[in-house]
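What follows is the content of entry_4.txt, which has compact mmCIF, C-alpha atoms:
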```
# COMPACT_ATOMS: atom_id res chain seq x y z
CA MET A 1 22.57 -23.21 -29.14
CA ARG A 2 24.76 -22.64 -26.10
CA VAL A 3 24.78 -19.47 -23.99
CA GLY A 4 27.43 -18.32 -21.52
CA MET A 5 27.52 -15.47 -19.03
CA GLY A 6 30.58 -13.70 -17.67
CA TYR A 7 31.23 -11.17 -14.93
CA ASP A 8 34.41 -9.52 -13.75
CA VAL A 9 35.44 -6.70 -11.45
CA HIS A 10 38.75 -4.99 -10.73
CA LYS A 11 39.78 -2.30 -8.28
CA LEU A 12 40.96 1.08 -9.59
CA VAL A 13 44.43 2.07 -8.35
CA GLU A 14 47.04 4.69 -9.13
CA GLY A 15 50.14 3.74 -11.09
CA ARG A 16 48.47 1.47 -13.68
CA GLU A 17 47.20 2.06 -17.19
CA LEU A 18 43.46 1.75 -17.71
CA VAL A 19 42.91 -0.88 -20.41
CA ILE A 20 39.34 -1.82 -21.30
CA GLY A 21 38.35 -3.76 -24.39
CA GLY A 22 41.97 -3.68 -25.54
CA VAL A 23 41.91 0.13 -25.57
CA THR A 24 44.20 2.21 -23.35
CA ILE A 25 42.01 4.97 -21.92
CA PRO A 26 43.59 8.14 -20.52
CA TYR A 27 42.68 8.26 -16.82
CA GLU A 28 44.42 8.92 -13.51
CA LYS A 29 43.91 5.32 -12.36
CA GLY A 30 44.07 1.85 -13.83
CA LEU A 31 42.71 -1.55 -12.93
CA LEU A 32 44.61 -3.77 -10.51
CA GLY A 33 45.22 -7.34 -11.62
CA HIS A 34 47.78 -10.00 -12.51
CA SER A 35 47.40 -9.41 -16.26
CA ASP A 36 46.46 -6.05 -17.75
CA ALA A 37 43.20 -6.41 -15.74
CA ASP A 38 40.97 -5.72 -18.74
CA VAL A 39 37.66 -6.21 -16.97
CA LEU A 40 35.61 -6.25 -20.19
CA LEU A 41 37.68 -8.88 -21.97
CA HIS A 42 37.76 -11.01 -18.82
CA ALA A 43 33.94 -11.00 -18.67
CA ILE A 44 33.75 -11.85 -22.39
CA MET A 45 36.24 -14.71 -22.00
CA ASP A 46 34.27 -16.14 -19.08
CA ALA A 47 31.04 -15.95 -21.11
CA LEU A 48 32.65 -17.79 -24.02
CA LEU A 49 34.28 -20.44 -21.84
CA GLY A 50 31.07 -20.93 -19.89
CA ALA A 51 29.02 -21.46 -23.05
CA VAL A 52 31.11 -24.52 -23.94
CA ALA A 53 31.58 -25.71 -20.34
CA LEU A 54 35.34 -25.07 -20.27
CA GLY A 55 35.46 -23.42 -16.84
CA ASP A 56 36.67 -19.86 -16.49
CA ILE A 57 39.74 -17.73 -17.18
CA GLY A 58 41.24 -18.61 -13.80
CA LYS A 59 41.40 -22.23 -14.91
CA HIS A 60 43.13 -21.43 -18.20
CA PHE A 61 45.23 -18.40 -17.17
CA PRO A 62 45.84 -18.66 -13.40
CA ASP A 63 47.03 -15.56 -11.57
CA THR A 64 49.65 -17.71 -9.88
CA ASP A 65 51.40 -18.36 -13.21
CA PRO A 66 54.19 -15.86 -13.95
CA GLU A 67 53.59 -16.38 -17.69
CA TYR A 68 50.40 -14.30 -17.43
CA GLU A 69 51.78 -11.47 -15.29
CA GLY A 70 51.10 -8.25 -17.21
CA ALA A 71 49.69 -10.28 -20.13
CA SER A 72 47.57 -8.62 -22.78
CA SER A 73 43.99 -9.75 -22.36
CA LEU A 74 43.58 -9.45 -26.13
CA LYS A 75 46.14 -12.26 -26.50
CA LEU A 76 44.27 -14.29 -23.89
CA LEU A 77 41.01 -13.66 -25.76
CA GLU A 78 42.62 -14.94 -28.96
CA ARG A 79 43.54 -18.15 -27.11
CA VAL A 80 39.98 -18.51 -25.82
CA GLY A 81 38.81 -18.16 -29.43
CA GLU A 82 41.12 -21.02 -30.38
CA LEU A 83 39.70 -23.16 -27.56
CA ILE A 84 36.18 -22.47 -28.82
CA GLU A 85 37.22 -23.57 -32.33
CA GLU A 86 38.91 -26.71 -30.95
CA GLU A 87 35.60 -27.63 -29.31
CA LEU A 88 33.92 -27.15 -32.74
CA TYR A 89 31.77 -24.17 -31.78
CA VAL A 90 31.23 -20.88 -33.58
CA ILE A 91 30.37 -17.62 -31.90
CA GLY A 92 27.05 -16.15 -32.93
CA ASN A 93 27.19 -12.97 -30.90
CA ILE A 94 28.56 -11.26 -27.80
CA ASP A 95 26.75 -8.60 -25.78
CA ALA A 96 28.66 -6.87 -22.98
CA THR A 97 28.18 -4.02 -20.52
CA ILE A 98 30.87 -2.00 -18.75
CA ILE A 99 29.78 -0.57 -15.39
CA ALA A 100 31.84 2.51 -14.44
CA GLN A 101 31.09 5.93 -13.04
CA ARG A 102 34.17 7.42 -14.68
CA PRO A 103 35.76 7.75 -17.15
CA LYS A 104 33.12 7.94 -19.86
CA MET A 105 33.40 4.93 -22.17
CA ALA A 106 31.39 6.16 -25.17
CA PRO A 107 34.39 7.57 -27.12
CA TYR A 108 36.14 4.17 -26.97
CA ILE A 109 33.35 1.66 -27.55
CA GLU A 110 33.72 1.33 -31.34
CA ASP A 111 37.46 0.63 -30.95
CA MET A 112 36.65 -1.96 -28.28
CA ARG A 113 34.16 -3.69 -30.58
CA GLU A 114 36.75 -3.79 -33.36
CA HIS A 115 39.42 -5.25 -31.03
CA VAL A 116 37.11 -7.99 -29.77
CA ALA A 117 35.88 -8.85 -33.26
CA ALA A 118 39.43 -8.99 -34.66
CA ALA A 119 40.71 -11.18 -31.81
CA LEU A 120 37.89 -13.69 -32.36
CA HIS A 121 37.71 -13.46 -36.19
CA LEU A 122 34.16 -12.07 -36.03
CA GLU A 123 32.32 -9.34 -37.84
CA THR A 124 32.01 -6.17 -35.76
CA GLY A 125 28.22 -6.57 -36.01
CA GLN A 126 28.47 -9.73 -33.89
CA VAL A 127 29.90 -7.76 -30.95
CA ASN A 128 27.86 -5.28 -28.92
CA ILE A 129 29.46 -3.27 -26.11
CA LYS A 130 27.72 -0.66 -24.02
CA ALA A 131 28.44 1.20 -20.80
CA THR A 132 26.45 2.45 -17.87
CA THR A 133 26.97 4.09 -14.51
CA GLU A 134 25.42 3.13 -11.19
CA GLU A 135 24.32 6.68 -10.42
CA GLY A 136 26.98 7.04 -7.74
CA LEU A 137 25.95 3.85 -5.90
CA GLY A 138 28.19 0.98 -4.84
CA PHE A 139 31.90 0.46 -5.48
CA THR A 140 31.64 1.34 -9.17
CA GLY A 141 29.57 4.43 -8.42
CA SER A 142 32.09 5.68 -5.88
CA GLY A 143 34.96 5.13 -8.33
CA GLU A 144 36.60 2.31 -6.37
CA GLY A 145 36.41 -0.13 -9.26
CA ILE A 146 34.97 -1.08 -12.62
CA SER A 147 32.95 -4.17 -13.48
CA ALA A 148 31.70 -5.77 -16.67
CA GLN A 149 29.10 -8.33 -17.64
CA ALA A 150 28.92 -10.31 -20.87
CA ILE A 151 26.76 -12.90 -22.53
CA ALA A 152 27.69 -14.97 -25.57
CA GLY A 153 25.66 -17.16 -27.89
CA LEU A 154 27.45 -20.07 -29.57
CA GLU A 155 26.44 -22.80 -31.95
CA THR A 156 28.09 -26.09 -32.82
CA ILE A 157 29.81 -26.12 -36.17
CA ALA A 158 27.42 -28.91 -37.21
CA ASN A 159 24.41 -26.64 -36.63
CA ALA A 160 26.09 -23.61 -38.21
CA SER A 161 27.38 -25.46 -41.29
CA TYR A 162 25.96 -25.64 -44.76
CA ALA A 163 26.98 -27.45 -47.94
CA VAL A 164 29.88 -25.75 -49.71
CA GLY A 165 30.58 -28.31 -52.41
CA PRO A 166 29.62 -31.74 -53.69
CA ALA A 167 29.14 -34.14 -50.78
CA GLU A 168 31.22 -36.87 -52.41
CA SER A 169 34.31 -34.65 -52.62
CA GLY A 170 34.55 -34.03 -48.86
CA CYS A 171 35.52 -30.60 -47.57
CA GLY A 172 34.57 -27.75 -49.86
CA GLY A 173 37.40 -25.54 -48.63
CA CYS A 174 35.31 -22.85 -46.95
CA SER A 175 36.78 -20.72 -44.16
CA GLY A 176 34.32 -22.16 -41.63
CA CYS A 177 36.65 -24.53 -39.82
CA PRO A 178 40.07 -23.88 -38.27
CA ARG A 179 42.05 -26.08 -40.67
CA ASN A 180 41.03 -23.93 -43.65
CA ARG A 181 42.02 -20.64 -42.01
CA MET A 182 45.73 -21.45 -42.02
```
Would you kindly transcribe this structure into structure tokens?
Amino acid sequence: MRVGMGYDVHKLVEGRELVIGGVTIPYEKGLLGHSDADVLLHAIMDALLGAVALGDIGKHFPDTDPEYEGASSLKLLERVGELIEEELYVIGNIDATIIAQRPKMAPYIEDMREHVAAALHLETGQVNIKATTEEGLGFTGSGEGISAQAIAGLETIANASYAVGPAESGCGGCSGCPRNRM
């Protein structure tokens, strides 16, 4: 089993949409960043990449590359999922926490879970997202920014596999590996 941890933070500013977990949340401010600045998805991507020792999102999607300016973090998460598959790992679970004083995240968490699960071809039950405040303390408590933390558990395909057909016939055609999902 491999475990990765991710953390991200973005400043709240006027004139930007607030996108967290792939959900646009009505609020007077949004997060500042090169892409859509989805702090939750960035933390999740870093956790996944870290679990398989592939660096971080800055390595794969640098903020100096115009291709990623304004990019949807859901699309970037899909690409991270592909990288995980290419390395022959499967995601067991993701647990993430959004740290924000405002706005309240509870009404949006189920949609966030569904977006993450869909982007990574997971069951919603493999994705847990929660939110907390910092009781008015620090930059998140004062409303200057929002942060997120995530942890992900991954397993190699070899450890997660099981027999799906007679051994002498080769691949049993399950949906467990990328070539059979096409």
Please tabulate, as CSV, the residues of region 31-80 of chain A that come within 12 Å of region 143-157 of chain A, each with its closest pair of atoms and the distance in Å to one decimal, counting all atoms listed in the file and ordering rows by chain, then residue number upward.
```
residue,atom,partner,partner_atom,distance
A:Leu31,CA,A:Gly145,CA,7.4
A:Leu32,CA,A:Gly145,CA,9.1
A:Gly33,CA,A:Gly145,CA,11.6
A:Ala37,CA,A:Ile146,CA,10.3
A:Asp38,CA,A:Ala148,CA,9.5
A:Val39,CA,A:Ala148,CA,6.0
A:Leu40,CA,A:Ala148,CA,5.3
A:Leu41,CA,A:Ala148,CA,8.6
A:His42,CA,A:Ala148,CA,8.3
A:Ala43,CA,A:Ala150,CA,5.5
A:Ile44,CA,A:Ala150,CA,5.3
A:Met45,CA,A:Ala150,CA,8.6
A:Asp46,CA,A:Ala150,CA,8.1
A:Ala47,CA,A:Ile151,CA,5.4
A:Leu48,CA,A:Ala152,CA,5.9
A:Leu49,CA,A:Ala152,CA,9.3
A:Gly50,CA,A:Ala152,CA,8.9
A:Ala51,CA,A:Leu154,CA,6.8
A:Val52,CA,A:Leu154,CA,8.1
A:Ala53,CA,A:Leu154,CA,11.6
```
| task | Rank A:Ala117, A:Leu12, A:Ile91, A:Leu76 by their smallest atom-to-atom distance to Gly141 (chain A), using only C-alpha atoms, and report the top residue only. | result |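 Smallest distance to Gly141 (chain A) is found for A:Leu12.
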| task | Rank nothing, just name the residue among A:Ile84, A:Glu28, A:Leu18, A:Gly92 nearest to Asn159 (chain A), using only C-alpha atoms. | result |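 Closest residue, counting only C-alpha atoms: A:Gly92.
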| Residues around (38.4, -30.1, -28.6), cut-off 12 Å, counting all atoms listed in the file - what are they as a VMD selection string? | chain A and resid 52 to 54 81 to 89 156 178
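Across the structure, CA of Gly21 (chain A) and CA of His60 (chain A) are spaced 19.3 Å apart.
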